[in-house]
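Step one of this worksheet: look at the structure below.
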Amino acid sequence: MAGKSSEPMMVKGKRLDGRKTNEMRPMKIKMGVVPQAVGSAEFSMGKTTVVAAVYGPKEVHPRHMMIPDRALIRVKYDMLPFSTTDRIRPGPNRRSREISKVMSSALEAAVYTKKYPGTVIDIFVQITNANAGTRTAAINAASAALAHAGIEMRDLVCSVAAGKADGTVMLDLFQPEDNFGEADLPVAMMPNSEGITLIQMDGDLTKKEFDESMKLVTEAMPILYELQKKGLINGEASFEGGKVK
Amino acid sequence: MTLINYEFQKELISKGKREDGRGLNEFRELVIEIGKIDNANGSARVKLGNTEVLAGVKFSVGTPYPDSPDEGMFMVNMELNPLSSPDYEAGPPKPEAIEISRVVDRAIRESKTLDFKDLSIVKGEAAWMCSIDIYPINADGNLYDAAVIAAYLALKDAKFPELDEDNKPLHETRTKKGLKLNNIPMMVSFAKIGDSLIVDPTRREEKIMEDRIHIGTIDNGNICAMQKGGLKPLTNDELSEAVDTAIAKGKDLRKLLKKL
């Protein structure tokens with residue numbers, strides 16, 4: 001974590017953007033933004049925006065990556081060059097490769113891969129604007145896009161991060177909190193089975209703070225699930241002022 | 001693409017009709033959205049029918065080239081990302097992607113839309129580097145024309161960041177100062193199918209085209225960029241007709257853009 005900020009992250013029990021500690025940013029989801037893909041979704045969490053598209057199940061290239069008894073779930077997470085404050089070089093880097101890898105495991109847990117033996121399901125995710133929480137936003141978009149593609153799944157995968165800034169444990173960090181905070185804990189879960197499919201952490205948390213963080217994340221899951229579900233049924237959905245519409 | 005569809009499309013076009021009901025010289029509907037990418041200095045999302053592209057401008061500071069010490073730098077990068085079409089694969093840019101980046105770059109550079117002297121900060125020492133990155137969201141044919149419009153609109157939306165004493169950009173603080181744009185470059189792309197030239201081809205039409213040509217024009221109707229991309233030769237008459245159409249369509253598109 002990048003170190004201390006000169007200004008406090010909490011003022012009178014409210015965060016810099018006016019949220020409470022257990023409050024997520026406003027969210028939006030829209031299905032079918034990439035008509036040429038089998039399934040797709042655009043998702044935003046505050047100012048973090050992402051587009052996900054699913055292609056497949058289809059033949060595996062290169063052939064040696066084929067798994068005879070189940071589908072290969074392949075994720076490509078990519079940040080667009082203009083999505084961050086300083087332009088980033090196009091193409092994969094170590095960070096994006098790692099995120100792609102953990103994302104594919106997180107999503108594979110929910111897919112009935114044995115139903116599609118010897119095939120690949122490609123999931124492409126592009127971060128169009130980054131304001132912290134890009135991997136969690138990417139997972140929500142990818143999960144909804146998989147369902148939109150009609151891939152058989154045991155559950156949706158929902159994701160949000162908790163963390164600590166200015167000594168306070170809080171949900172869904174945005175950029176200043178992520179930059180100057182003390183810990184970041186992105187989590188993905190299958191809400192109906194309460195199975196954790198992704199967890200990463202960096203920073204410094206006591207066991208008590210960790211438990212608190214996990215509680216915040218777990219309590220947020222039904223909202224994320226409802227948002228994805230409503231999006232899939234109605235084509236789009238949003239979360240604002242504590243309500244999914 | 002099946003053979004039967006190939007024959008069907010070819011026959012339709014020879015009768016002056018198209019699969020989606022358009023005339024041979026008719027563009028798809030244009031929809032634009034400007035400035036939605038918070039972290040970009042300028043951005044635009046352009047839809048041409050089902051084709052959709054996203055362009056973002058980023059400013060950084062670099063050292064000017066020795067042969068033009070009082071000018072800034074400019075770069076266009078376009079990726080044919082696998083998210084946008086089943087035809088594209090992941091990996092380093094392929095010749096197709098490099099070609100489109102360079103053609104879009106040329107259309108904007110040669111239209112003199114930007115005066116590179118405006119990008120100078122300290123002669124010989126520091127100048128703005130203006131990078132435009134263009135990413136398709138859905139690639140349903142004719143990325144060229146959509147990319148030029150998106151790049152132009154992103155430039156129009158762009159605002160410089162503040163500079164500190166050492167001429168380093170402070171991305172958090174944006175100024176109200178934008179770029180002075182002297183022109184509206186427009187590109188019109190044609191696909192040759194049989195003996196007909198059609199504008200704004202869809203992906204299905206691009207699959208059966210035997211040749212393609214891209215023509216860039218500026219406000220006064222002059223031509224600023226051109227690229228032929230297929231194997232089949234074009235006759236002088238066809239080319240001359242295409243240029244006339246490109247000039248006329250460019251004019252229409254400019255008018256439309258001012259209204260949107």
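Please note that chains go A, B, ... in the order of the structure tokens, that every chain numbers its residues from 1, and that ligands are numbered from 1 in the order shown.
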
> Taking only C-alpha atoms into account, what are the residues of chain A at most 7 Å from chain B, put as a PyMOL selection string?
Replying inline: chain A and resi 34-37+53+81-85+87+124+129

>> Can you pull out the residues contacting Val169 (chain A)? Cut-off 9 Å, using only C-alpha atoms, and skip same-chain residues under 5 positions away; I want them as a PyMOL selection string.
In response: chain A and resi 21-22+162-164+183+209-210+212-213+216

Requested write-out: C-alpha atoms of the selected residues, as a CSV table (one decimal), in the first residue's frame:
```
chain,number,residue,atom,x,y,z
A,21,THR,CA,-18.2,2.1,5.8
A,22,ASN,CA,-20.5,-0.7,4.7
A,162,ALA,CA,-13.0,-4.6,1.5
A,163,GLY,CA,-10.0,-2.9,3.0
A,164,LYS,CA,-8.7,-0.5,5.5
A,183,ALA,CA,-5.1,-2.9,3.2
A,209,GLU,CA,-10.1,-6.4,11.1
A,210,PHE,CA,-10.0,-9.3,8.7
A,212,GLU,CA,-14.8,-7.5,10.0
A,213,SER,CA,-13.8,-7.1,6.3
A,216,LEU,CA,-18.8,-6.5,5.1
```

> Out of region 5-210 of chain A, which residues get helix (DSSP H, G or I) from DSSP, as a PyMOL selection string?
Replying inline: chain A and resi 63-65+94-108+113-115+134-148+175-180+207-210

>> Residues near Phe116 (chain B), anyone? I mean within 10 Å using only C-alpha atoms, not counting same-chain ones fewer than 5 positions away, as a PyMOL selection string.
In response: chain B and resi 68+70-74+109+127-130

Residues of the last selection are to be written out with C-alpha atoms, as a PDB file, in the first residue's frame.
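What landed in out_34.pdb:
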```
ATOM      1  CA  SER B  68      11.219  19.448 -35.308  1.00  0.00           C
ATOM      2  CA  ASP B  70       9.246  23.321 -31.795  1.00  0.00           C
ATOM      3  CA  GLU B  71       6.620  20.647 -32.440  1.00  0.00           C
ATOM      4  CA  GLY B  72       4.843  18.116 -30.257  1.00  0.00           C
ATOM      5  CA  MET B  73       4.336  14.416 -30.948  1.00  0.00           C
ATOM      6  CA  PHE B  74       1.252  12.536 -32.019  1.00  0.00           C
ATOM      7  CA  ARG B 109      -2.053  13.943 -39.305  1.00  0.00           C
ATOM      8  CA  ALA B 127       6.593  19.039 -25.813  1.00  0.00           C
ATOM      9  CA  TRP B 128       3.241  17.336 -25.419  1.00  0.00           C
ATOM     10  CA  MET B 129       2.911  13.800 -26.671  1.00  0.00           C
ATOM     11  CA  CYS B 130      -0.685  13.230 -27.706  1.00  0.00           C
TER      12      CYS B 130
END
```

>> List the spatial neighbours of Pro57 (chain A) as a PyMOL selection string - criterion: any atom at most 8 Å away, only C-alpha atoms, same-chain residues fewer than 2 positions off excluded.
In response: chain A and resi 55+59+71+116+119-122

For the selection just defined, write its residues with C-alpha atoms to a file, as a PDB file, in the first residue's frame.
```
ATOM      1  CA  TYR A  55     -16.852 -16.457 -26.886  1.00  0.00           C
ATOM      2  CA  GLU A  59     -12.511 -25.577 -30.370  1.00  0.00           C
ATOM      3  CA  ALA A  71     -13.908 -27.015 -20.751  1.00  0.00           C
ATOM      4  CA  TYR A 116     -18.382 -28.866 -22.477  1.00  0.00           C
ATOM      5  CA  THR A 119     -13.664 -26.927 -25.607  1.00  0.00           C
ATOM      6  CA  VAL A 120     -12.575 -23.472 -24.559  1.00  0.00           C
ATOM      7  CA  ILE A 121     -14.719 -20.667 -23.193  1.00  0.00           C
ATOM      8  CA  ASP A 122     -12.883 -17.403 -23.779  1.00  0.00           C
TER       9      ASP A 122
END
```

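CA of Gly195 (chain A) lies 12.8 Å from CA of Ser105 (chain A).
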
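As for CA of Gly250 (chain B) and CA of Asp105 (chain B), they are spaced 17.4 Å apart.
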
>> Set the distance at 8 Å and use only C-alpha atoms: which residues neighbour Ile215 (chain B) once local chain neighbours fewer than 3 positions away are removed? I'd like the list as a list in words.
In response: Met187, Val188, Ser189, Ile223, Cys224, Ala225, Met226, Gln227, Val243 and Ala246 of chain B

Only N, CA and C atoms, please: the residues just picked out, written as a PDB file, in the first residue's frame.
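This is the output file again-v9.pdb:
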```pdb
ATOM      1  N   MET B 187     -13.250   9.858 -42.991  1.00  0.00           N
ATOM      2  CA  MET B 187     -12.827   8.781 -43.865  1.00  0.00           C
ATOM      3  C   MET B 187     -14.063   8.057 -44.378  1.00  0.00           C
ATOM      4  N   VAL B 188     -14.015   7.701 -45.644  1.00  0.00           N
ATOM      5  CA  VAL B 188     -15.101   6.906 -46.220  1.00  0.00           C
ATOM      6  C   VAL B 188     -14.470   5.650 -46.826  1.00  0.00           C
ATOM      7  N   SER B 189     -14.933   4.494 -46.379  1.00  0.00           N
ATOM      8  CA  SER B 189     -14.365   3.235 -46.841  1.00  0.00           C
ATOM      9  C   SER B 189     -15.325   2.511 -47.770  1.00  0.00           C
ATOM     10  N   ILE B 223      -8.554  15.747 -50.682  1.00  0.00           N
ATOM     11  CA  ILE B 223      -8.255  14.410 -50.179  1.00  0.00           C
ATOM     12  C   ILE B 223      -7.009  14.485 -49.311  1.00  0.00           C
ATOM     13  N   CYS B 224      -7.017  13.807 -48.156  1.00  0.00           N
ATOM     14  CA  CYS B 224      -5.833  13.873 -47.289  1.00  0.00           C
ATOM     15  C   CYS B 224      -5.201  12.515 -47.049  1.00  0.00           C
ATOM     16  N   ALA B 225      -5.881  11.435 -47.337  1.00  0.00           N
ATOM     17  CA  ALA B 225      -5.285  10.116 -47.117  1.00  0.00           C
ATOM     18  C   ALA B 225      -6.010   9.086 -47.962  1.00  0.00           C
ATOM     19  N   MET B 226      -5.289   8.053 -48.344  1.00  0.00           N
ATOM     20  CA  MET B 226      -5.882   7.010 -49.165  1.00  0.00           C
ATOM     21  C   MET B 226      -5.177   5.704 -48.918  1.00  0.00           C
ATOM     22  N   GLN B 227      -5.888   4.626 -49.003  1.00  0.00           N
ATOM     23  CA  GLN B 227      -5.279   3.314 -48.864  1.00  0.00           C
ATOM     24  C   GLN B 227      -6.129   2.295 -49.601  1.00  0.00           C
ATOM     25  N   VAL B 243     -13.752   8.469 -55.223  1.00  0.00           N
ATOM     26  CA  VAL B 243     -13.288   9.733 -54.657  1.00  0.00           C
ATOM     27  C   VAL B 243     -14.440  10.738 -54.603  1.00  0.00           C
ATOM     28  N   ALA B 246     -16.641   9.734 -51.799  1.00  0.00           N
ATOM     29  CA  ALA B 246     -16.008   9.994 -50.501  1.00  0.00           C
ATOM     30  C   ALA B 246     -16.112  11.466 -50.132  1.00  0.00           C
TER      31      ALA B 246
END
```

>> Neighbouring residues of Lys243 (chain A) were defined as those with any atom within 10 Å, considering only C-alpha atoms; residues of the same chain fewer than 3 positions away were excluded. Please report them as a PyMOL selection string.
In response: chain A and resi 26+223+226-227+238-240
